[in-house]
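Below is one structure, written out as structure tokens; comments come after it.
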Amino acid sequence: MTDRSRRTGLSRLRLLAWPLYLAAFGWFLHTQGLAFANDVVFLWLIGALLTAAVHSGHGRRGFLLVLRDWIPVMAVVWVYSLLRGYGAHTPWAPHWLPQLRADEVLGFGETWTVRLQHALYTPGSPHWYDYAAMVVYLSHFLVVFVLLAILWRRAHQRFRQLLACYLALTFAGFATYLLYPADPPWLVSQEGNLPHLSRVVWEVVSAAGVPQADSLLENGSQFANDVAAMPSLHSAYPAMLLFFFWPTARPWLRALLVAYPLAMAFTLVYGAEHFIVDIFAGWTYAAVVVFGLRYLRNRRTARRTARADLAA
């Protein structure tokens, strides 16, 4: 093969990279539905980054960079998912009464989950805001990973910083699940300690016919942990994004950064997935992780600067 024909073949491959990827992704969505398992999301993200490497002409070096940075991340998250499932079998009973009493205080005698569902939810007839709540809730499985992929392409140092926050927050949550297993409101209701509550998001998922997400609820998962409610990582990740991006965000982005945690908090309380105190705990964990890692990073930078000044 001549150099000219080789260059022509590579040029065609670059042009076909994204169409082939999008065609494969479209086929997957058509046959399998939306994927919310971490490993599946990671595989498609890695595929997109490899496709971008081909399209940009980075070749083998681009492939190796993608694999170097993302395969370890995928492995760590998979290990966490496996451990999270084992965390459901602690030797001590799950807690629910302290969270319930705190929420009753915040709700002036009745939890806001009960108030909101009685006022807004119609079982079997989802409203527009129920579908909006479904989208907000399911975004938990995608948003952080997509942002990590964008940062990996555009600001690699920021990618490493956000990844450190994500991993620290995730494993801090896991450690708490082991030490303090906690029932969510829907489970407390099933046990007869609250009035009847619906898992709004999952009922809407079933009504909307989202097959992959629906199967997560119907068939269960070896990674599931129904007593991993304190802190709420569903609320912690949006708060982490708020604290992480706020210093450099433009005004319109800051509005989104504030709206996302609030929308998620409403969804979690309305949908009976978390008590309000679970959400407050998630926000607290996010603040400690983001600001703590930022402090350590700034301190390390100051020490390096001081040593450089002394050497000069």
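Ordered as shown in the structure tokens, chains take letters A, B, and onward, while each chain numbers its residues from 1 and ligands are numbered from 1 in the order shown.
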
Exercise for review: Give the helix (DSSP H, G or I) residues of segment 110-234 of chain A, as DSSP finds them on the backbone, and put them as a PyMOL selection string.
Suggested key: chain A and resi 112-120+128-141+143-154+156-179+185-190+200-208+211-219+233-234

Exercise for review: Find, counting only C-alpha atoms, the residue in A:Arg154, A:Arg68, A:His89, A:Arg294 that gets nearest to Asn225 of chain A.
Suggested key: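 Closest residue, counting only C-alpha atoms: A:His89.
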
Point to revise | Long-range neighbours of segment 259-261 of chain A as a VMD selection string, 9 Å cut-off, only C-alpha atoms, 2 positions minimum in chain | key: chain A and resid 136 234 to 239 241 to 242 254 to 257 263 to 266 283

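With distances restricted to only C-alpha atoms, A:Leu45 is the closest residue to Ile150 of chain A from A:Pro72, A:Val277, A:Gly292, A:Leu45.
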
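Residues in contact with Arg297 of chain A at 12 Å, where only C-alpha atoms are counted and same-chain residues fewer than 5 positions away are skipped, are listed as Gln157, Arg160, Gln161, Ala164, Cys165, Val289, Val290, Phe291, Gly292, Ala302, Arg303 and Arg304 of chain A.
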
Written selection (all heavy atoms) as a CSV table (one decimal), in the first residue's frame:
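In the end it all went to result-v5.csv:
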chain,number,residue,atom,x,y,z
A,157,GLN,N,-6.6,18.8,33.6
A,157,GLN,CA,-6.3,19.0,35.0
A,157,GLN,C,-7.6,19.1,35.8
A,157,GLN,O,-7.7,18.5,36.9
A,157,GLN,CB,-5.5,20.2,35.2
A,157,GLN,CG,-5.0,20.5,36.7
A,157,GLN,CD,-4.1,19.4,37.2
A,157,GLN,OE1,-3.4,18.7,36.4
A,157,GLN,NE2,-4.2,19.1,38.5
A,160,ARG,N,-9.1,15.6,36.4
A,160,ARG,CA,-8.5,14.9,37.5
A,160,ARG,C,-9.0,15.4,38.8
A,160,ARG,O,-9.2,14.6,39.7
A,160,ARG,CB,-6.9,15.0,37.4
A,160,ARG,CG,-6.3,14.4,36.2
A,160,ARG,CD,-4.8,14.8,36.1
A,160,ARG,NE,-4.1,14.3,37.2
A,160,ARG,CZ,-3.5,13.1,37.3
A,160,ARG,NH1,-3.6,12.2,36.2
A,160,ARG,NH2,-2.8,12.7,38.3
A,161,GLN,N,-9.3,16.7,38.9
A,161,GLN,CA,-9.8,17.3,40.1
A,161,GLN,C,-11.2,16.8,40.4
A,161,GLN,O,-11.6,16.5,41.5
A,161,GLN,CB,-9.7,18.8,40.1
A,161,GLN,CG,-8.3,19.4,40.1
A,161,GLN,CD,-8.2,20.8,39.7
A,161,GLN,OE1,-9.3,21.5,39.6
A,161,GLN,NE2,-7.0,21.4,39.7
A,164,ALA,N,-11.3,13.2,41.4
A,164,ALA,CA,-10.9,13.0,42.8
A,164,ALA,C,-12.1,13.3,43.7
A,164,ALA,O,-12.3,12.6,44.7
A,164,ALA,CB,-9.7,13.9,43.1
A,165,CYS,N,-12.8,14.4,43.4
A,165,CYS,CA,-14.0,14.7,44.2
A,165,CYS,C,-15.0,13.6,44.1
A,165,CYS,O,-15.6,13.2,45.1
A,165,CYS,CB,-14.6,16.0,43.7
A,165,CYS,SG,-13.6,17.5,44.1
A,289,VAL,N,-16.0,17.4,50.9
A,289,VAL,CA,-15.0,16.8,49.9
A,289,VAL,C,-14.5,17.9,49.0
A,289,VAL,O,-13.3,18.0,48.8
A,289,VAL,CB,-15.8,15.7,49.1
A,289,VAL,CG1,-15.0,15.3,47.9
A,289,VAL,CG2,-16.0,14.5,50.0
A,290,VAL,N,-15.3,18.7,48.4
A,290,VAL,CA,-14.9,19.7,47.4
A,290,VAL,C,-13.9,20.7,48.0
A,290,VAL,O,-12.8,21.0,47.5
A,290,VAL,CB,-16.1,20.4,46.7
A,290,VAL,CG1,-15.5,21.5,45.7
A,290,VAL,CG2,-16.8,19.3,45.8
A,291,PHE,N,-14.4,21.3,49.1
A,291,PHE,CA,-13.6,22.3,49.7
A,291,PHE,C,-12.4,21.8,50.4
A,291,PHE,O,-11.3,22.4,50.5
A,291,PHE,CB,-14.4,23.2,50.7
A,291,PHE,CG,-15.5,24.0,50.0
A,291,PHE,CD1,-16.8,23.7,50.2
A,291,PHE,CD2,-15.2,25.0,49.1
A,291,PHE,CE1,-17.8,24.5,49.6
A,291,PHE,CE2,-16.1,25.7,48.5
A,291,PHE,CZ,-17.5,25.5,48.7
A,292,GLY,N,-12.5,20.6,51.0
A,292,GLY,CA,-11.4,19.9,51.6
A,292,GLY,C,-10.3,19.6,50.6
A,292,GLY,O,-9.1,19.9,50.8
A,302,ALA,N,1.1,25.9,47.4
A,302,ALA,CA,1.8,27.0,48.1
A,302,ALA,C,3.2,26.4,48.6
A,302,ALA,O,4.2,27.1,48.6
A,302,ALA,CB,1.0,27.4,49.3
A,303,ARG,N,3.2,25.2,49.0
A,303,ARG,CA,4.4,24.6,49.5
A,303,ARG,C,5.4,24.5,48.3
A,303,ARG,O,6.6,24.8,48.5
A,303,ARG,CB,4.2,23.2,50.1
A,303,ARG,CG,3.5,23.3,51.5
A,303,ARG,CD,3.3,21.9,52.0
A,303,ARG,NE,2.8,21.9,53.3
A,303,ARG,CZ,2.4,20.8,54.0
A,303,ARG,NH1,2.5,19.6,53.4
A,303,ARG,NH2,2.0,20.9,55.3
A,304,ARG,N,5.0,24.1,47.2
A,304,ARG,CA,5.8,24.0,46.0
A,304,ARG,C,6.4,25.3,45.6
A,304,ARG,O,7.6,25.5,45.3
A,304,ARG,CB,5.1,23.3,44.8
A,304,ARG,CG,4.8,21.9,45.0
A,304,ARG,CD,4.0,21.3,43.8
A,304,ARG,NE,3.7,19.9,43.9
A,304,ARG,CZ,2.9,19.2,43.1
A,304,ARG,NH1,2.3,19.9,42.1
A,304,ARG,NH2,2.7,17.9,43.3

Would you mind listing what lies within 9 Å of Gly173 of chain A as an mmCIF file with all heavy atoms, in the first residue's frame, with only C-alpha atoms counted and same-chain residues fewer than 3 positions away left out?
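Result went into selection15.cif, see below:
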data_model
loop_
_atom_site.group_PDB
_atom_site.id
_atom_site.type_symbol
_atom_site.label_atom_id
_atom_site.label_comp_id
_atom_site.auth_asym_id
_atom_site.auth_seq_id
_atom_site.Cartn_x
_atom_site.Cartn_y
_atom_site.Cartn_z
ATOM 1 N N ALA A 168 -13.810 10.405 46.038
ATOM 2 C CA ALA A 168 -13.799 10.625 47.485
ATOM 3 C C ALA A 168 -15.216 10.676 48.037
ATOM 4 O O ALA A 168 -15.514 10.090 49.094
ATOM 5 C CB ALA A 168 -13.052 11.921 47.803
ATOM 6 N N LEU A 169 -16.107 11.357 47.342
ATOM 7 C CA LEU A 169 -17.485 11.475 47.795
ATOM 8 C C LEU A 169 -18.185 10.112 47.755
ATOM 9 O O LEU A 169 -18.924 9.747 48.686
ATOM 10 C CB LEU A 169 -18.226 12.483 46.911
ATOM 11 C CG LEU A 169 -19.668 12.817 47.268
ATOM 12 C CD1 LEU A 169 -19.776 13.297 48.710
ATOM 13 C CD2 LEU A 169 -20.212 13.872 46.304
ATOM 14 N N THR A 170 -17.939 9.354 46.699
ATOM 15 C CA THR A 170 -18.576 8.055 46.551
ATOM 16 C C THR A 170 -18.173 7.103 47.663
ATOM 17 O O THR A 170 -19.020 6.445 48.288
ATOM 18 C CB THR A 170 -18.223 7.447 45.184
ATOM 19 O OG1 THR A 170 -18.706 8.313 44.136
ATOM 20 C CG2 THR A 170 -18.845 6.069 45.022
ATOM 21 N N THR A 176 -20.247 5.348 55.086
ATOM 22 C CA THR A 176 -21.375 5.683 55.951
ATOM 23 C C THR A 176 -22.475 4.646 55.842
ATOM 24 O O THR A 176 -23.137 4.323 56.843
ATOM 25 C CB THR A 176 -21.923 7.075 55.596
ATOM 26 O OG1 THR A 176 -20.852 8.020 55.578
ATOM 27 C CG2 THR A 176 -22.964 7.532 56.616
ATOM 28 N N TYR A 177 -22.687 4.112 54.643
ATOM 29 C CA TYR A 177 -23.703 3.075 54.493
ATOM 30 C C TYR A 177 -23.379 1.846 55.342
ATOM 31 O O TYR A 177 -24.279 1.175 55.851
ATOM 32 C CB TYR A 177 -23.816 2.645 53.020
ATOM 33 C CG TYR A 177 -24.194 3.759 52.076
ATOM 34 C CD1 TYR A 177 -23.821 3.713 50.736
ATOM 35 C CD2 TYR A 177 -24.926 4.859 52.510
ATOM 36 C CE1 TYR A 177 -24.165 4.720 49.868
ATOM 37 C CE2 TYR A 177 -25.267 5.878 51.656
ATOM 38 C CZ TYR A 177 -24.879 5.808 50.320
ATOM 39 O OH TYR A 177 -25.209 6.814 49.455
ATOM 40 N N LEU A 178 -22.085 1.546 55.469
ATOM 41 C CA LEU A 178 -21.693 0.415 56.298
ATOM 42 C C LEU A 178 -21.934 0.697 57.781
ATOM 43 O O LEU A 178 -22.406 -0.164 58.528
ATOM 44 C CB LEU A 178 -20.214 0.090 56.077
ATOM 45 C CG LEU A 178 -19.814 -0.494 54.724
ATOM 46 C CD1 LEU A 178 -18.311 -0.726 54.692
ATOM 47 C CD2 LEU A 178 -20.557 -1.800 54.447
ATOM 48 N N ALA A 228 -29.126 2.200 51.650
ATOM 49 C CA ALA A 228 -28.049 3.174 51.424
ATOM 50 C C ALA A 228 -28.668 4.550 51.205
ATOM 51 O O ALA A 228 -28.587 5.129 50.120
ATOM 52 C CB ALA A 228 -27.201 2.760 50.219
ATOM 53 N N MET A 230 -28.449 7.249 53.693
ATOM 54 C CA MET A 230 -27.787 8.327 54.442
ATOM 55 C C MET A 230 -26.270 8.236 54.261
ATOM 56 O O MET A 230 -25.655 7.277 54.717
ATOM 57 C CB MET A 230 -28.152 8.216 55.925
ATOM 58 C CG MET A 230 -27.338 9.116 56.840
ATOM 59 S SD MET A 230 -27.711 10.865 56.661
ATOM 60 C CE MET A 230 -29.278 10.962 57.551
ATOM 61 N N PRO A 231 -25.638 9.184 53.558
ATOM 62 C CA PRO A 231 -26.209 10.368 52.909
ATOM 63 C C PRO A 231 -26.780 10.025 51.542
ATOM 64 O O PRO A 231 -26.495 8.955 50.989
ATOM 65 C CB PRO A 231 -24.984 11.272 52.755
ATOM 66 C CG PRO A 231 -23.869 10.296 52.486
ATOM 67 C CD PRO A 231 -24.166 9.108 53.373
ATOM 68 N N SER A 232 -27.538 10.934 50.991
ATOM 69 C CA SER A 232 -28.072 10.756 49.646
ATOM 70 C C SER A 232 -27.017 11.176 48.618
ATOM 71 O O SER A 232 -26.712 12.357 48.470
ATOM 72 C CB SER A 232 -29.323 11.624 49.455
ATOM 73 O OG SER A 232 -29.641 11.728 48.077
ATOM 74 N N LEU A 233 -26.459 10.193 47.901
ATOM 75 C CA LEU A 233 -25.518 10.539 46.842
ATOM 76 C C LEU A 233 -26.239 11.144 45.644
ATOM 77 O O LEU A 233 -25.632 11.881 44.858
ATOM 78 C CB LEU A 233 -24.722 9.308 46.413
ATOM 79 C CG LEU A 233 -23.674 8.822 47.423
ATOM 80 C CD1 LEU A 233 -22.910 7.620 46.872
ATOM 81 C CD2 LEU A 233 -22.701 9.932 47.795
ATOM 82 N N GLY A 282 -26.079 14.717 52.326
ATOM 83 C CA GLY A 282 -25.401 14.645 51.033
ATOM 84 C C GLY A 282 -24.755 15.961 50.664
ATOM 85 O O GLY A 282 -23.607 15.994 50.179
ATOM 86 N N TYR A 285 -21.619 16.381 52.855
ATOM 87 C CA TYR A 285 -20.518 15.555 52.376
ATOM 88 C C TYR A 285 -19.868 16.182 51.144
ATOM 89 O O TYR A 285 -18.645 16.212 51.016
ATOM 90 C CB TYR A 285 -21.014 14.151 52.037
ATOM 91 C CG TYR A 285 -21.056 13.186 53.190
ATOM 92 C CD1 TYR A 285 -21.702 13.522 54.383
ATOM 93 C CD2 TYR A 285 -20.482 11.929 53.091
ATOM 94 C CE1 TYR A 285 -21.761 12.633 55.439
ATOM 95 C CE2 TYR A 285 -20.531 11.033 54.143
ATOM 96 C CZ TYR A 285 -21.178 11.383 55.314
ATOM 97 O OH TYR A 285 -21.222 10.502 56.364
#

**Study point:** Surrounding residues of segment 100-104 of chain A excluding itself and chain neighbours under 4 positions, 8 Å, only C-alpha atoms, as a PyMOL selection string
**Key:** chain A and resi 96+108-112+275-277

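Counting from atom CA of Pro181 of chain A, the distance to atom CA of Pro94 of chain A is 4.6 Å.
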
Practice item. Compile the contact shell of Pro184 of chain A as a PyMOL selection string: residues with an atom at most 7 Å away, counting only C-alpha atoms, same-chain residues fewer than 3 positions apart removed. Key: chain A and resi 187-188+227+229+273-275

Restricting it to all heavy atoms, dump the selection as an mmCIF file, in the first residue's frame.
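Output (selection.cif):
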data_model
loop_
_atom_site.group_PDB
_atom_site.id
_atom_site.type_symbol
_atom_site.label_atom_id
_atom_site.label_comp_id
_atom_site.auth_asym_id
_atom_site.auth_seq_id
_atom_site.Cartn_x
_atom_site.Cartn_y
_atom_site.Cartn_z
ATOM 1 N N LEU A 187 -39.456 2.636 52.008
ATOM 2 C CA LEU A 187 -39.301 1.402 52.757
ATOM 3 C C LEU A 187 -39.898 1.535 54.155
ATOM 4 O O LEU A 187 -40.516 0.591 54.678
ATOM 5 C CB LEU A 187 -37.821 1.032 52.843
ATOM 6 C CG LEU A 187 -37.478 -0.371 53.352
ATOM 7 C CD1 LEU A 187 -38.210 -1.444 52.555
ATOM 8 C CD2 LEU A 187 -35.967 -0.607 53.282
ATOM 9 N N VAL A 188 -39.746 2.695 54.772
ATOM 10 C CA VAL A 188 -40.381 2.951 56.068
ATOM 11 C C VAL A 188 -41.897 2.847 55.930
ATOM 12 O O VAL A 188 -42.586 2.317 56.818
ATOM 13 C CB VAL A 188 -39.970 4.349 56.595
ATOM 14 C CG1 VAL A 188 -40.712 4.673 57.891
ATOM 15 C CG2 VAL A 188 -38.460 4.414 56.823
ATOM 16 N N VAL A 227 -30.850 0.104 51.739
ATOM 17 C CA VAL A 227 -30.635 0.845 52.980
ATOM 18 C C VAL A 227 -29.425 1.774 52.864
ATOM 19 O O VAL A 227 -28.792 2.100 53.865
ATOM 20 C CB VAL A 227 -30.490 -0.117 54.181
ATOM 21 C CG1 VAL A 227 -31.797 -0.856 54.409
ATOM 22 C CG2 VAL A 227 -29.354 -1.112 53.968
ATOM 23 N N ALA A 229 -29.306 5.062 52.245
ATOM 24 C CA ALA A 229 -30.047 6.324 52.110
ATOM 25 C C ALA A 229 -29.353 7.511 52.764
ATOM 26 O O ALA A 229 -29.645 8.656 52.430
ATOM 27 C CB ALA A 229 -31.445 6.173 52.705
ATOM 28 N N GLU A 273 -37.789 8.782 47.925
ATOM 29 C CA GLU A 273 -36.499 8.108 47.839
ATOM 30 C C GLU A 273 -35.580 8.473 49.009
ATOM 31 O O GLU A 273 -34.708 7.685 49.372
ATOM 32 C CB GLU A 273 -35.813 8.456 46.515
ATOM 33 C CG GLU A 273 -36.565 8.001 45.275
ATOM 34 C CD GLU A 273 -36.673 6.486 45.169
ATOM 35 O OE1 GLU A 273 -35.789 5.790 45.703
ATOM 36 O OE2 GLU A 273 -37.642 6.006 44.557
ATOM 37 N N HIS A 274 -35.764 9.673 49.575
ATOM 38 C CA HIS A 274 -34.897 10.111 50.670
ATOM 39 C C HIS A 274 -35.660 11.041 51.604
ATOM 40 O O HIS A 274 -36.552 11.784 51.172
ATOM 41 C CB HIS A 274 -33.668 10.861 50.140
ATOM 42 C CG HIS A 274 -32.630 9.970 49.533
ATOM 43 N ND1 HIS A 274 -31.746 9.240 50.291
ATOM 44 C CD2 HIS A 274 -32.347 9.694 48.234
ATOM 45 C CE1 HIS A 274 -30.957 8.548 49.480
ATOM 46 N NE2 HIS A 274 -31.304 8.800 48.232
ATOM 47 N N PHE A 275 -35.257 10.997 52.873
ATOM 48 C CA PHE A 275 -35.696 12.010 53.818
ATOM 49 C C PHE A 275 -34.916 13.301 53.561
ATOM 50 O O PHE A 275 -33.832 13.287 52.965
ATOM 51 C CB PHE A 275 -35.457 11.547 55.256
ATOM 52 C CG PHE A 275 -36.356 10.439 55.710
ATOM 53 C CD1 PHE A 275 -35.892 9.132 55.784
ATOM 54 C CD2 PHE A 275 -37.674 10.701 56.071
ATOM 55 C CE1 PHE A 275 -36.719 8.107 56.215
ATOM 56 C CE2 PHE A 275 -38.511 9.685 56.509
ATOM 57 C CZ PHE A 275 -38.035 8.381 56.573
#
